[in-house]
Every structure is written in C-alpha cells, then in structure tokens.
$ cat protein.txt   # compact mmCIF, C-alpha atoms
# COMPACT_ATOMS: atom_id res chain seq x y z
CA MET A 3 65.94 -31.28 -37.47
CA LEU A 4 69.25 -31.01 -39.20
CA ILE A 5 70.42 -27.40 -39.15
CA HIS A 6 74.04 -26.28 -39.24
CA ILE A 7 75.27 -22.90 -38.15
CA SER A 8 78.47 -21.40 -39.42
CA THR A 9 80.15 -18.36 -37.98
CA THR A 10 82.76 -18.25 -40.72
CA ASP A 11 80.92 -16.76 -43.65
CA GLY A 12 79.47 -13.70 -41.99
CA VAL A 13 75.84 -14.46 -42.80
CA PRO A 14 73.77 -13.55 -39.72
CA ILE A 15 72.88 -16.68 -37.77
CA TYR A 16 69.12 -16.00 -37.76
CA LEU A 17 69.20 -15.78 -41.55
CA GLN A 18 71.05 -19.08 -41.85
CA ILE A 19 68.26 -20.71 -39.83
CA VAL A 20 65.54 -19.03 -41.89
CA ASN A 21 67.14 -20.13 -45.16
CA GLN A 22 67.73 -23.69 -44.03
CA ILE A 23 64.18 -24.13 -42.76
CA LYS A 24 62.78 -22.65 -45.97
CA TYR A 25 64.88 -25.12 -47.89
CA LEU A 26 63.80 -28.09 -45.74
CA VAL A 27 60.16 -27.13 -46.22
CA ALA A 28 60.54 -26.58 -49.97
CA ALA A 29 62.38 -29.90 -50.30
CA GLY A 30 59.61 -31.71 -48.46
CA ARG A 31 61.85 -32.71 -45.56
CA LEU A 32 59.70 -30.68 -43.19
CA ALA A 33 56.07 -31.57 -43.80
CA ALA A 34 53.04 -29.32 -43.49
CA GLY A 35 51.76 -29.45 -39.93
CA GLU A 36 55.08 -30.71 -38.57
CA GLU A 37 56.20 -28.98 -35.40
CA LEU A 38 59.47 -27.08 -35.27
CA PRO A 39 61.67 -27.62 -32.21
CA PRO A 40 60.86 -25.28 -29.33
CA ILE A 41 63.05 -22.17 -29.34
CA LEU A 42 65.07 -23.20 -26.28
CA VAL A 43 65.66 -26.71 -27.59
CA LEU A 44 67.02 -25.45 -30.89
CA ALA A 45 69.10 -22.76 -29.14
CA ASP A 46 70.61 -25.40 -26.88
CA GLN A 47 71.25 -27.77 -29.78
CA LEU A 48 72.96 -25.13 -31.92
CA LEU A 49 74.59 -23.33 -28.98
CA ILE A 50 73.19 -19.95 -29.91
CA ASN A 51 71.19 -17.24 -28.19
CA PRO A 52 67.47 -18.11 -27.97
CA ASN A 53 66.63 -14.59 -29.21
CA THR A 54 68.31 -15.50 -32.48
CA VAL A 55 66.08 -18.56 -32.87
CA ALA A 56 63.06 -16.46 -31.91
CA ARG A 57 63.95 -13.93 -34.59
CA ALA A 58 64.28 -16.66 -37.21
CA TYR A 59 60.90 -18.13 -36.24
CA ARG A 60 59.31 -14.66 -36.40
CA GLU A 61 60.63 -14.10 -39.92
CA LEU A 62 59.40 -17.50 -41.04
CA GLU A 63 56.02 -16.68 -39.55
CA ALA A 64 55.92 -13.32 -41.35
CA GLY A 65 56.77 -15.12 -44.58
CA GLY A 66 53.93 -17.58 -44.10
CA ILE A 67 56.26 -20.60 -43.90
CA VAL A 68 55.34 -21.41 -40.32
CA GLU A 69 52.54 -20.50 -37.98
CA LYS A 70 52.14 -20.31 -34.23
CA ARG A 71 49.27 -22.20 -32.70
CA ARG A 72 47.28 -21.42 -29.60
CA THR A 73 48.50 -24.59 -27.92
CA ALA A 74 52.00 -23.07 -28.13
CA GLY A 75 54.60 -24.32 -30.52
CA THR A 76 55.45 -23.41 -34.07
CA TYR A 77 54.28 -25.51 -36.99
CA VAL A 78 55.01 -25.66 -40.69
CA SER A 79 52.11 -24.05 -42.56
CA ASP A 80 49.96 -25.73 -45.13
CA GLN A 81 52.04 -25.76 -48.29
CA GLY A 82 49.07 -25.06 -50.53
CA SER A 83 48.97 -21.44 -49.34
CA PRO A 84 49.92 -18.92 -52.06
CA LEU A 85 52.36 -17.25 -49.66
CA ALA A 86 54.25 -20.50 -49.20
CA ARG A 87 54.33 -21.15 -52.94
CA ARG A 88 55.74 -17.65 -53.46
CA GLU A 89 58.50 -18.51 -51.02
CA ARG A 90 59.35 -21.65 -52.91
CA LEU A 91 59.46 -19.76 -56.18
CA LYS A 92 61.70 -17.16 -54.59
CA ILE A 93 64.20 -19.81 -53.52
CA LEU A 94 64.27 -21.16 -57.06
CA THR A 95 64.62 -17.66 -58.48
CA ASP A 96 67.70 -17.06 -56.34
CA ARG A 97 69.22 -20.31 -57.61
CA ILE A 98 68.37 -19.43 -61.21
CA ASP A 99 70.00 -16.00 -60.80
CA ALA A 100 73.18 -17.68 -59.65
CA LEU A 101 73.04 -20.15 -62.53
CA VAL A 102 72.44 -17.46 -65.15
CA ALA A 103 75.24 -15.28 -63.76
CA GLU A 104 77.69 -18.15 -63.88
CA ALA A 105 76.64 -19.18 -67.38
CA LEU A 106 77.20 -15.60 -68.57
CA GLN A 107 80.65 -15.56 -67.01
CA MET A 108 81.54 -18.85 -68.62
CA LYS A 109 80.11 -17.66 -71.95
CA ILE A 110 77.58 -20.46 -72.19
CA THR A 111 74.49 -19.50 -74.16
CA LEU A 112 70.97 -19.49 -72.82
CA SER A 113 69.84 -22.22 -75.20
CA ASP A 114 72.74 -24.43 -74.02
CA VAL A 115 71.74 -23.79 -70.40
CA LEU A 116 68.12 -24.70 -71.12
CA LYS A 117 69.18 -27.87 -72.95
CA LEU A 118 71.32 -28.80 -69.94
CA VAL A 119 68.40 -28.21 -67.57
CA GLU A 120 66.22 -30.55 -69.61
CA GLN A 121 68.95 -33.20 -69.67
CA ARG A 122 69.42 -33.05 -65.91
CA HIS A 123 65.67 -33.11 -65.32
CA ALA A 124 65.38 -36.26 -67.42
CA ALA A 125 68.30 -37.88 -65.58
CA LEU A 126 66.60 -37.28 -62.21
CA GLN A 127 63.30 -38.90 -63.21
CA PRO A 128 62.68 -42.18 -61.36
CA LYS A 129 63.55 -45.05 -63.69
CA PRO A 130 60.87 -47.63 -64.38
CA PRO A 131 61.64 -50.94 -62.63
CA LEU A 132 63.39 -53.51 -64.84
CA GLU A 133 61.21 -56.48 -65.69
CA MET B 279 61.15 -5.79 -35.83
CA PRO B 280 60.98 -4.58 -32.24
CA ASP B 281 64.31 -4.40 -30.49
CA PRO B 282 64.30 -6.61 -27.40
CA PHE B 283 66.45 -3.93 -25.79
CA PRO B 284 66.41 -1.44 -24.16
CA SER B 285 64.44 -3.39 -21.59
CA PRO B 286 61.93 -1.44 -19.58
CA SER B 287 63.66 -2.27 -16.29
CA PRO B 288 66.73 -0.36 -15.09
CA PRO B 289 70.12 -1.61 -16.28
CA ILE B 290 71.76 -4.38 -14.29
CA ILE B 291 75.18 -2.74 -14.64
CA ASP B 292 75.79 0.94 -15.09
CA VAL B 293 79.38 2.08 -15.39
CA GLN B 294 79.84 5.81 -15.86
CA ARG B 295 83.13 7.38 -16.93
CA VAL B 296 85.40 5.13 -14.94
CA THR B 297 89.10 5.83 -15.13
CA ARG B 298 91.68 3.64 -13.44
CA GLN B 299 95.42 3.90 -13.44
CA PHE B 300 98.04 1.50 -12.18
CA GLY B 301 101.05 3.69 -11.63
CA SER B 302 101.73 5.37 -14.93
CA LYS B 303 99.60 2.96 -16.95
CA THR B 304 96.00 3.91 -17.66
CA ALA B 305 94.07 0.65 -17.66
CA LEU B 306 90.62 2.21 -18.13
CA ASN B 307 90.14 5.61 -19.71
CA ASP B 308 86.76 7.31 -19.28
CA VAL B 309 84.86 4.06 -19.71
CA SER B 310 81.08 4.00 -19.71
CA LEU B 311 79.02 0.87 -20.16
CA THR B 312 75.41 -0.05 -19.60
CA VAL B 313 74.28 -3.65 -19.44
CA PRO B 314 70.49 -4.05 -19.69
CA ARG B 315 68.69 -6.68 -17.65
CA GLY B 316 68.20 -10.00 -19.42
CA GLY B 317 70.26 -11.24 -22.33
CA VAL B 318 73.93 -11.79 -22.93
CA PHE B 319 76.47 -8.98 -23.09
CA GLY B 320 79.82 -9.70 -24.69
CA LEU B 321 82.89 -7.66 -23.80
CA ILE B 322 85.47 -8.08 -26.52
CA GLY B 323 89.04 -6.94 -26.79
CA GLY B 324 92.58 -8.20 -27.02
CA ASN B 325 94.85 -9.14 -24.14
CA GLY B 326 95.54 -6.17 -21.93
CA ALA B 327 92.65 -4.15 -23.39
CA GLY B 328 91.06 -3.63 -19.97
CA LYS B 329 88.34 -6.29 -19.87
CA THR B 330 89.42 -7.88 -16.57
CA THR B 331 90.02 -4.51 -14.94
CA LEU B 332 86.52 -3.43 -15.92
CA ILE B 333 85.04 -6.67 -14.60
CA LYS B 334 86.87 -6.22 -11.30
CA HIS B 335 85.29 -2.80 -10.94
CA ILE B 336 81.87 -4.30 -11.57
CA LEU B 337 82.48 -6.86 -8.84
CA GLY B 338 83.73 -4.26 -6.40
CA LEU B 339 87.19 -5.83 -6.33
CA LEU B 340 88.56 -2.50 -7.52
CA LYS B 341 87.28 0.89 -6.52
CA ALA B 342 86.82 3.47 -9.27
CA GLN B 343 89.35 6.28 -9.05
CA HIS B 344 87.06 8.46 -11.17
CA GLY B 345 83.48 7.83 -12.21
CA SER B 346 80.89 5.46 -10.77
CA VAL B 347 79.81 1.85 -10.91
CA ARG B 348 76.32 0.62 -10.07
CA VAL B 349 75.23 -3.01 -10.07
CA PHE B 350 71.56 -3.72 -9.31
CA GLY B 351 71.51 0.02 -8.63
CA LEU B 352 74.04 -0.37 -5.80
CA ASP B 353 77.71 0.49 -5.42
CA PRO B 354 79.46 -2.91 -5.27
CA VAL B 355 82.30 -1.51 -3.14
CA GLN B 356 79.92 -0.07 -0.52
CA ASN B 357 77.46 -2.94 -0.71
CA PRO B 358 79.20 -6.26 -1.35
CA VAL B 359 76.41 -8.37 0.12
CA GLY B 360 73.71 -6.75 -1.98
CA THR B 361 75.75 -7.19 -5.12
CA LEU B 362 78.13 -10.14 -4.89
CA GLY B 363 75.42 -12.22 -3.27
CA ARG B 364 73.46 -12.02 -6.50
CA ILE B 365 76.40 -12.59 -8.85
CA GLY B 366 77.98 -15.80 -10.07
CA TYR B 367 81.59 -15.15 -11.08
CA LEU B 368 84.14 -17.19 -12.97
CA SER B 369 87.50 -15.43 -12.94
CA GLU B 370 89.98 -15.65 -15.78
CA ASP B 371 92.53 -17.52 -13.66
CA ARG B 372 89.87 -19.84 -12.11
CA ASP B 373 90.83 -18.69 -8.65
CA LEU B 374 89.70 -21.58 -6.46
CA PRO B 375 91.03 -22.94 -3.15
CA ASP B 376 93.46 -25.64 -4.33
CA TRP B 377 93.55 -27.45 -1.00
CA MET B 378 89.82 -28.23 -0.98
CA ARG B 379 88.09 -31.20 -2.46
CA VAL B 380 85.35 -30.46 -5.00
CA GLY B 381 82.65 -31.46 -2.49
CA GLN B 382 84.13 -29.12 0.11
CA LEU B 383 84.32 -26.30 -2.42
CA MET B 384 80.62 -26.76 -3.04
CA SER B 385 79.70 -26.70 0.67
CA TYR B 386 82.00 -23.76 1.25
CA THR B 387 80.42 -21.73 -1.56
CA GLN B 388 76.93 -22.76 -0.50
CA ALA B 389 77.48 -21.00 2.83
CA PHE B 390 77.76 -17.65 1.08
CA PHE B 391 74.66 -17.91 -1.07
CA PRO B 392 71.18 -18.29 0.40
CA ASN B 393 69.81 -19.15 -3.05
CA TRP B 394 72.11 -22.16 -3.45
CA ASP B 395 70.14 -25.05 -4.96
CA GLU B 396 71.68 -28.28 -3.66
CA LYS B 397 69.83 -30.53 -6.07
CA PHE B 398 70.83 -28.39 -9.03
CA ALA B 399 74.44 -28.29 -7.80
CA GLU B 400 74.48 -32.10 -7.73
CA GLU B 401 73.02 -32.28 -11.23
CA LEU B 402 75.75 -29.95 -12.45
CA ARG B 403 78.45 -31.96 -10.69
CA ASP B 404 77.17 -35.08 -12.38
CA ALA B 405 76.80 -33.43 -15.79
CA PHE B 406 80.31 -31.98 -15.54
CA ASP B 407 81.66 -35.34 -14.42
CA LEU B 408 83.41 -33.91 -11.36
CA ASP B 409 84.43 -36.28 -8.56
CA ALA B 410 83.38 -34.76 -5.22
CA ARG B 411 86.44 -36.29 -3.55
CA ALA B 412 88.98 -34.93 -6.05
CA PHE B 413 91.26 -32.16 -4.86
CA VAL B 414 90.87 -28.91 -6.76
CA LYS B 415 94.62 -28.71 -7.24
CA ASN B 416 94.61 -32.03 -9.09
CA LEU B 417 91.90 -31.08 -11.53
CA SER B 418 92.79 -30.65 -15.18
CA ARG B 419 92.42 -27.21 -16.66
CA GLY B 420 89.06 -28.09 -18.16
CA GLN B 421 87.77 -29.70 -14.96
CA ARG B 422 88.90 -26.67 -13.00
CA ALA B 423 86.90 -24.41 -15.28
CA ARG B 424 83.87 -26.68 -14.88
CA ALA B 425 84.24 -26.60 -11.09
CA GLY B 426 84.40 -22.81 -11.14
CA LEU B 427 81.40 -22.69 -13.44
CA LEU B 428 79.45 -25.05 -11.17
CA VAL B 429 79.84 -22.89 -8.08
CA ALA B 430 79.00 -19.80 -10.13
CA LEU B 431 75.80 -21.37 -11.47
CA ALA B 432 74.45 -23.36 -8.52
CA HIS B 433 72.84 -20.43 -6.73
CA ARG B 434 71.06 -19.38 -9.95
CA PRO B 435 72.49 -15.86 -9.82
CA GLU B 436 70.68 -12.92 -11.38
CA LEU B 437 73.96 -11.91 -12.96
CA LEU B 438 76.55 -14.34 -14.30
CA VAL B 439 79.96 -12.79 -14.93
CA LEU B 440 82.47 -14.88 -16.86
CA ASP B 441 85.97 -13.57 -17.59
CA GLU B 442 87.43 -15.33 -20.62
CA PRO B 443 85.55 -18.51 -19.75
CA SER B 444 86.67 -20.51 -22.78
CA SER B 445 90.30 -19.58 -23.06
CA GLY B 446 92.65 -22.53 -23.09
CA LEU B 447 89.81 -25.04 -23.04
CA ASP B 448 88.96 -27.88 -25.38
CA PRO B 449 85.78 -27.79 -27.48
CA VAL B 450 83.87 -30.11 -25.14
CA VAL B 451 84.27 -27.83 -22.12
CA ARG B 452 83.56 -24.83 -24.32
CA ARG B 453 80.21 -26.39 -25.22
CA ASP B 454 79.42 -26.74 -21.52
CA ILE B 455 80.14 -23.07 -21.02
CA LEU B 456 78.09 -21.86 -23.95
CA GLY B 457 75.25 -24.16 -22.88
CA ALA B 458 75.39 -22.72 -19.36
CA ILE B 459 75.20 -19.18 -20.75
CA ILE B 460 72.18 -20.01 -22.90
CA ARG B 461 70.33 -21.81 -20.12
CA THR B 462 70.97 -18.94 -17.73
CA ILE B 463 69.33 -16.32 -19.88
CA ALA B 464 66.52 -18.68 -20.74
CA ASP B 465 65.34 -17.76 -17.25
CA GLU B 466 63.45 -14.50 -17.23
CA GLY B 467 65.37 -11.52 -15.94
CA ARG B 468 68.77 -13.18 -15.63
CA THR B 469 71.75 -11.60 -17.31
CA VAL B 470 75.14 -12.80 -18.49
CA LEU B 471 78.22 -10.63 -18.94
CA PHE B 472 81.21 -12.38 -20.45
CA SER B 473 84.50 -11.25 -21.83
CA SER B 474 86.17 -13.18 -24.60
CA HIS B 475 88.56 -12.95 -27.46
CA LEU B 476 86.96 -16.03 -29.07
CA LEU B 477 84.69 -14.01 -31.29
CA ASP B 478 82.88 -16.86 -32.97
CA GLU B 479 81.51 -17.80 -29.55
CA VAL B 480 80.52 -14.21 -28.82
CA GLU B 481 78.78 -14.09 -32.16
CA ARG B 482 76.74 -17.16 -31.27
CA VAL B 483 75.40 -16.06 -27.92
CA ALA B 484 75.72 -12.32 -27.35
CA ASP B 485 72.77 -9.94 -27.77
CA ARG B 486 74.92 -6.86 -27.25
CA ILE B 487 78.65 -6.27 -27.39
CA ALA B 488 81.18 -3.65 -26.45
CA ILE B 489 84.64 -3.46 -27.98
CA ILE B 490 87.39 -2.40 -25.59
CA HIS B 491 90.80 -1.39 -26.83
CA GLU B 492 93.66 0.11 -24.85
CA GLY B 493 91.38 1.01 -21.96
CA ARG B 494 88.68 2.73 -24.05
CA VAL B 495 85.30 1.56 -25.25
CA LEU B 496 85.48 1.80 -29.05
CA LEU B 497 81.86 0.93 -29.63
CA THR B 498 78.77 -0.56 -28.05
CA SER B 499 76.06 -2.11 -30.16
CA SER B 500 73.49 -4.81 -30.46
CA MET B 501 74.79 -7.85 -32.34
CA ASP B 502 72.21 -7.35 -35.09
CA GLU B 503 73.18 -3.74 -35.64
CA ILE B 504 76.92 -4.30 -35.76
CA LYS B 505 76.47 -7.12 -38.27
CA ASP B 506 74.11 -5.04 -40.43
CA GLN B 507 76.41 -2.05 -40.37
CA HIS B 508 79.60 -3.72 -41.59
CA ARG B 509 80.01 -5.09 -45.09
CA ARG B 510 82.77 -6.20 -47.40
CA LEU B 511 82.34 -4.78 -50.88
CA THR B 512 84.48 -5.93 -53.78
CA LEU B 513 84.65 -3.29 -56.47
CA ARG B 514 85.80 -3.72 -60.01
CA PHE B 515 87.06 -0.50 -61.56
CA GLU B 516 87.19 0.20 -65.27
CA GLN B 517 90.96 -0.03 -65.25
CA SER B 518 93.86 -0.94 -63.02
CA ILE B 519 94.57 1.55 -60.30
CA SER B 520 97.39 1.78 -57.80
CA GLU B 521 95.63 3.82 -55.16
CA PRO B 522 91.99 2.95 -54.57
CA PRO B 523 89.73 5.95 -53.88
CA ALA B 524 88.25 6.42 -50.43
CA LEU B 525 84.62 5.50 -49.84
CA VAL B 526 82.83 7.14 -46.97
CA GLY B 527 82.90 4.79 -43.99
CA THR B 528 85.80 2.69 -45.24
CA LEU B 529 87.72 0.89 -42.54
CA SER B 530 90.24 -0.80 -44.76
CA ARG B 531 91.07 -1.42 -48.41
CA ALA B 532 93.02 -4.21 -50.04
CA GLY B 533 93.48 -5.56 -53.52
CA GLN B 534 95.30 -5.04 -56.76
CA GLY B 535 94.78 -4.13 -60.39
CA ALA B 536 91.16 -3.37 -61.09
CA GLU B 537 89.61 -5.22 -58.16
CA TRP B 538 89.66 -3.81 -54.68
CA THR B 539 87.96 -5.01 -51.53
CA TYR B 540 86.62 -2.49 -49.07
CA VAL B 541 85.65 -3.23 -45.49
CA CYS B 542 83.08 -0.56 -44.69
CA SER B 543 80.79 0.51 -41.94
CA GLY B 544 77.50 1.92 -43.10
CA GLU B 545 74.35 0.68 -44.76
CA SER B 546 74.92 -1.46 -47.83
CA ARG B 547 72.82 0.68 -50.15
CA GLN B 548 74.70 3.89 -49.34
CA LEU B 549 78.00 2.17 -49.95
CA ARG B 550 76.83 0.78 -53.26
CA SER B 551 75.74 4.19 -54.55
CA ALA B 552 79.00 5.71 -53.44
CA ALA B 553 80.89 2.95 -55.27
CA GLU B 554 78.84 3.34 -58.44
CA ALA B 555 79.40 7.09 -58.37
CA LEU B 556 83.12 6.30 -58.57
CA GLY B 557 82.52 4.32 -61.75
CA ALA B 558 83.04 0.94 -60.16
CA THR B 559 80.88 -2.19 -60.36
CA VAL B 560 80.10 -3.98 -57.15
CA VAL B 561 81.01 -7.59 -57.85
CA ASP B 562 80.54 -8.86 -54.29
CA ASP B 563 78.74 -7.61 -51.22
CA ALA B 564 79.23 -9.83 -48.20
CA ALA B 565 78.58 -9.80 -44.50
CA LEU B 566 81.57 -9.84 -42.18
CA THR B 567 82.23 -12.14 -39.27
CA LEU B 568 82.53 -10.50 -35.86
CA ASP B 569 86.22 -11.40 -35.98
CA GLU B 570 86.71 -9.42 -39.18
CA ILE B 571 84.71 -6.47 -37.87
CA PHE B 572 86.77 -6.41 -34.70
CA VAL B 573 90.11 -6.54 -36.52
CA SER B 574 89.16 -3.79 -38.95
CA ARG B 575 87.91 -1.51 -36.19
CA ILE B 576 91.00 -2.04 -34.05
CA GLN B 577 93.31 -1.34 -36.95
CA ASN B 578 91.71 2.03 -37.49
$ encode --input "protein.txt" --output "structure tokens"
Amino acid sequence: MLIHISTTDGVPIYLQIVNQIKYLVAAGRLAAGEELPPILVLADQLLINPNTVARAYRELEAGGIVEKRRTAGTYVSDQGSPLARRERLKILTDRIDALVAEALQMKITLSDVLKLVEQRHAALQPKPPLE
Amino acid sequence: MPDPFPSPSPPIIDVQRVTRQFGSKTALNDVSLTVPRGGVFGLIGGNGAGKTTLIKHILGLLKAQHGSVRVFGLDPVQNPVGTLGRIGYLSEDRDLPDWMRVGQLMSYTQAFFPNWDEKFAEELRDAFDLDARAFVKNLSRGQRARAGLLVALAHRPELLVLDEPSSGLDPVVRRDILGAIIRTIADEGRTVLFSSHLLDEVERVADRIAIIHEGRVLLTSSMDEIKDQHRRLTLRFEQSISEPPALVGTLSRAGQGAEWTYVCSGESRQLRSAAEALGATVVDDAALTLDEIFVSRIQN
C-alpha cells in the first residue's frame, strides 16, 4: 500500500495516514474487503511508532472506513454504507472549498468555475474506441 | 481517545530534582524526568544542553550530587547489576574496544548478559552486514554504530538507551536505527529512551518527549499534545502595522505590512478568537514541525 509520510509540513503523522487511506478508498485503489497491512508492518515500512499507526486505524474505524474483524486484521468496509459515502462526500467538500476559495481570490466567477468543471469532466470521459 | 500513557505500571526511569555541576559549570539544574514503561521517549536539546549528562546519571555512570535517580525502581549507582544488566546502551561516541574483532566483541558482551540471544545476535550481524573477523577499529563510522547497536539489542533489554544514535550517519544506517527502535517497543513492556537533535526522526518514533536546554527541562509532553498545542497562525490586519500586537501564548512573531505570522502555544480556537478580537483575519492556520516548535521554545 503506497503511503508517504512527511515530517516537513507539520501535519500530524497519524492524520496523514488517515487522509491517504481515505483517499485510496475513495479512489477505488483500496477495495471493499481488502485487508490493511498489520500495524507493525506498516510502522516498520514507514519507520514510525506503531502507536501512530494504531491511532490512524482507530480513527478510520470510528469513521466507518475500515472495520476490525474477529480473525484479527483490519479491513476496508463495504463502500455502500452511508457512513462511508459521507466520508467520500466530505473529501470532495474539502476539495471544493479549496477550489472556491482560489476562484474567489483569482476573481473567477462561479458560472465560469462550473463551466470549467463540466469541460474537465467531459475531457476525462473514456473515449469510444476508433473504428 | 484514551491516552496510552500513563501506563499502569511504575515508571521505568524516575529522575527527581537532579543537579550536577562540573566545577563552576552547572550541567543539570534541578532536573526531573519520568519515563513510563513501554513506548519511546525522546530527549531533545542542542549540543551541550545536558542530554548525555542526564543519560549517564540514568546508567549510574555519574552519581547525582543532589536529587535521586531510580531505574526499574533501583538506584543504578548502588545496584549496577540489577539495572545495567537490563539495559542496552549505545553511547554517543560508540565506545567500543577497538582492539577486538566484531565476533569477539559479541562473545565478550554476551558474557555480561544472561538474556543474550545468540541466534538473534547472528541475525543482526547478518542484517547489519558486519564481518565477524573485522577489527572494530577498522570499521567505518556507520558500521561502528551498527556494531554498537547489535550488542545493545542482542540481549533484548527491557530498556534501550541510545545517545544521539543517528548523528553523523548516512540515511541507510539511520533506517536501521529507527527500525531497531520500532521493533524493540513492538515487544510488550520494553522501553526506548533516545536523545537526538534530529527532530524529524524524533517526530516519527517518539511517544513522549522532553526538551532540555542549558541543563533544565523546559517541557515534557506526549508527542500528540505538543503537536496539538503549537500552531502557526498568519493574520491579516486591516492595515499595515509596524509592531504586531501580542497574542496570549505567542512564542514568536514575524512578518511585514499587514500580514504577520505568529507561532503560538495554545489551542487553535482560543488563538483564533484572540486574533479576531484584534480585528485581524486568520488567513492560515498550520501545524508546526517538531523542529519549529523546538526552535521557538528555545528562543523564548
């Protein structure tokens, strides 16, 4: 699982892990039912205190993104759950806040922003194969 | 979220009001420190702050002139066997017998520690790529640190004490050291105390830290708490000002014109209300790295 920790921007390490896992799940790179690395394995890989990984896993569990199973191990929860969908919407909301703030600063109107969103959405659609 | 500390068992290290002078210089001034069992404790401070002197007291290499030191509940000066026998120590200067070969160093150290695990020691030697026939005096700086780390780890000590383990070492050896710290505390009940001025490493692995400066403990805190309590706020005032107003808990201020950056200690919300009461808008509210927190506290 590709996670990168930075100690240069001040963001607490556990939070970096939480955010990156949320992102991986929302982006479909971590599938429902997939197991997360054991706490010690991830701690060793990232060279951080296992308590920090444990804290990140606890937060993800509280947010409904992952769940612990009786057979030990932590697994990505079923993405259909309303809690998980709320998390995904929250991630998007944060990104939209940043976008809106920047557009305001650059004096770009809301209707221009919306038009741009539609353009980019269209550009990212898979193209039909050429005959 | 429940705090993993304080742990229910008695502290592994309990230093109470230790003062130590060398001639006219006071190296430690009324220093108290408690290290709970389990977890990683980082001792941070600049050169000459007193970290090594404090560690030497913990190991019983120095006797407290005032105050007391207890390790595993025992006085390390009175009871070296009961204390040192359960400690793995890597000194700052990697004090090892130069004339020995690595293999001899291992056998020699093994004789002192009944818990020495020969198989584990061999695994470490292999992992650290140390030639058993090489003379200690011919080892590179990094290999010397690895050799010292090996003999500190091989008896699986309850307490691992590392004095500036990473200083002067390349990133590969530093990874070995951090890995060793993590794997040590992965075992229930084992504790690591390490001193360092490489704060990004401390930030990665320490559960609790103490800042030492000029022989005094400036603060002791869990890593979570110290990170939560320090923020950098950038305030935009309605007009240019030459002298930015004080905010309660400010450690430093910098900036120009209408925008000023405050490094503060205190909960973010309190700071924001204080800033808004001054008529300023908070345009940025960021966490600080341990490095930045340390520098701002020292400069105060």
$ atom_distance --input "protein.txt" --atom1 "CA of Val20 in chain A" --atom2 "CA of Glu63 in chain A"
10.1 Å
$ closest_atom_pairs --input "protein.txt" --of "chain B" --to "chain A" --cutoff "6 Å" --atoms "only C-alpha atoms" --output "Markdown table"
| residue | atom | partner | partner_atom | distance |
| --- | --- | --- | --- | --- |
| B:Asp478 | CA | A:Thr9 | CA | 5.9 |
| B:Arg482 | CA | A:Ile50 | CA | 4.7 |
| B:Val483 | CA | A:Asn51 | CA | 4.4 |
| B:Ala565 | CA | A:Gly12 | CA | 4.7 |
| B:Leu566 | CA | A:Gly12 | CA | 4.4 |
| B:Thr567 | CA | A:Gly12 | CA | 4.2 |
$ residues_around --input "protein.txt" --residues "Ser79 in chain A" --least-positions-apart "2" --cutoff "12 Å" --atoms "all atoms listed in the file" --output "PyMOL selection string"
chain A and resi 24+27-28+32-38+62-71+76-77+81-87+89
$ residues_around --input "protein.txt" --residues "Leu368 in chain B" --least-positions-apart "3" --cutoff "9 Å" --atoms "all atoms listed in the file" --output "PyMOL selection string"
chain B and resi 371-373+423+426-427+429-430+438-443
$ closest_residue --input "protein.txt" --among "B:Gly366, B:Pro449, B:Glu479, B:Leu456" --to "Trp394 in chain B" --atoms "only C-alpha atoms"
B:Gly366
$ residues_near_point --input "protein.txt" --point "(86.7, 1.8, -44.2)" --cutoff "9 Å" --atoms "all atoms listed in the file" --output "list in words"
Ala524, Leu525, Val526, Gly527, Thr528, Leu529, Ser530, Arg531, Tyr540, Val541, Cys542, Ser543, Ser574, Arg575 and Asn578 of chain B
$ atom_distance --input "protein.txt" --atom1 "CA of Leu402 in chain B" --atom2 "CA of Leu428 in chain B"
6.3 Å
$ atom_distance --input "protein.txt" --atom1 "CA of Val561 in chain B" --atom2 "CA of Thr512 in chain B"
5.6 Å
$ residues_around --input "protein.txt" --residues "Leu477 in chain B" --least-positions-apart "2" --cutoff "9 Å" --atoms "only C-alpha atoms" --output "number ranges by chain"
B: 322, 474-475, 479-482, 567-569, 572
$ axis_aligned_box --input "protein.txt" --around "range 296-305 of chain B" --padding-each-side "6 Å" --output "lines of an AutoDock Vina configuration file"
center_x = 93.6
center_y = 3.2
center_z = -14.6
size_x = 28.3
size_y = 17.2
size_z = 18.0
$ residues_around --input "protein.txt" --residues "range 375-386 of chain B" --least-positions-apart "4" --cutoff "9 Å" --atoms "only C-alpha atoms" --output "number ranges by chain"
B: 390, 399, 408-416, 425, 428-429, 432
$ residues_around --input "protein.txt" --residues "Lys341 in chain B" --least-positions-apart "2" --cutoff "12 Å" --atoms "only C-alpha atoms" --output "list in words"
Val293, Val296, Thr297, Arg298, Gln299, Thr331, Leu332, Ile333, Lys334, His335, Ile336, Leu337, Gly338, Leu339, Gln343, His344, Gly345, Ser346, Val347, Arg348, Asp353, Pro354, Val355, Gln356 and Pro358 of chain B
$ build_atoms --input "protein.txt" --residues "range 104-115 of chain A" --atoms "N, CA and C atoms" --output "compact mmCIF listing (two decimals), in the coordinates of the input"
# COMPACT_ATOMS: atom_id res chain seq x y z
N GLU A 104 76.52 -17.32 -63.60
CA GLU A 104 77.69 -18.15 -63.88
C GLU A 104 77.79 -18.51 -65.34
N ALA A 105 76.65 -18.82 -65.95
CA ALA A 105 76.64 -19.18 -67.38
C ALA A 105 77.15 -18.01 -68.20
N LEU A 106 76.74 -16.79 -67.86
CA LEU A 106 77.20 -15.60 -68.57
C LEU A 106 78.72 -15.48 -68.47
N GLN A 107 79.20 -15.67 -67.23
CA GLN A 107 80.65 -15.56 -67.01
C GLN A 107 81.43 -16.59 -67.81
N MET A 108 80.84 -17.77 -67.91
CA MET A 108 81.54 -18.85 -68.62
C MET A 108 81.22 -18.84 -70.10
N LYS A 109 80.45 -17.82 -70.53
CA LYS A 109 80.11 -17.66 -71.95
C LYS A 109 79.38 -18.88 -72.51
N ILE A 110 78.45 -19.37 -71.72
CA ILE A 110 77.58 -20.46 -72.19
C ILE A 110 76.23 -19.84 -72.52
N THR A 111 75.71 -20.16 -73.70
CA THR A 111 74.49 -19.50 -74.16
C THR A 111 73.27 -20.00 -73.41
N LEU A 112 72.22 -19.16 -73.48
CA LEU A 112 70.97 -19.49 -72.82
C LEU A 112 70.41 -20.80 -73.35
N SER A 113 70.45 -20.99 -74.66
CA SER A 113 69.84 -22.22 -75.20
C SER A 113 70.62 -23.45 -74.74
N ASP A 114 71.96 -23.31 -74.56
CA ASP A 114 72.74 -24.43 -74.02
C ASP A 114 72.35 -24.70 -72.58
N VAL A 115 72.14 -23.63 -71.80
CA VAL A 115 71.74 -23.79 -70.40
C VAL A 115 70.40 -24.53 -70.33
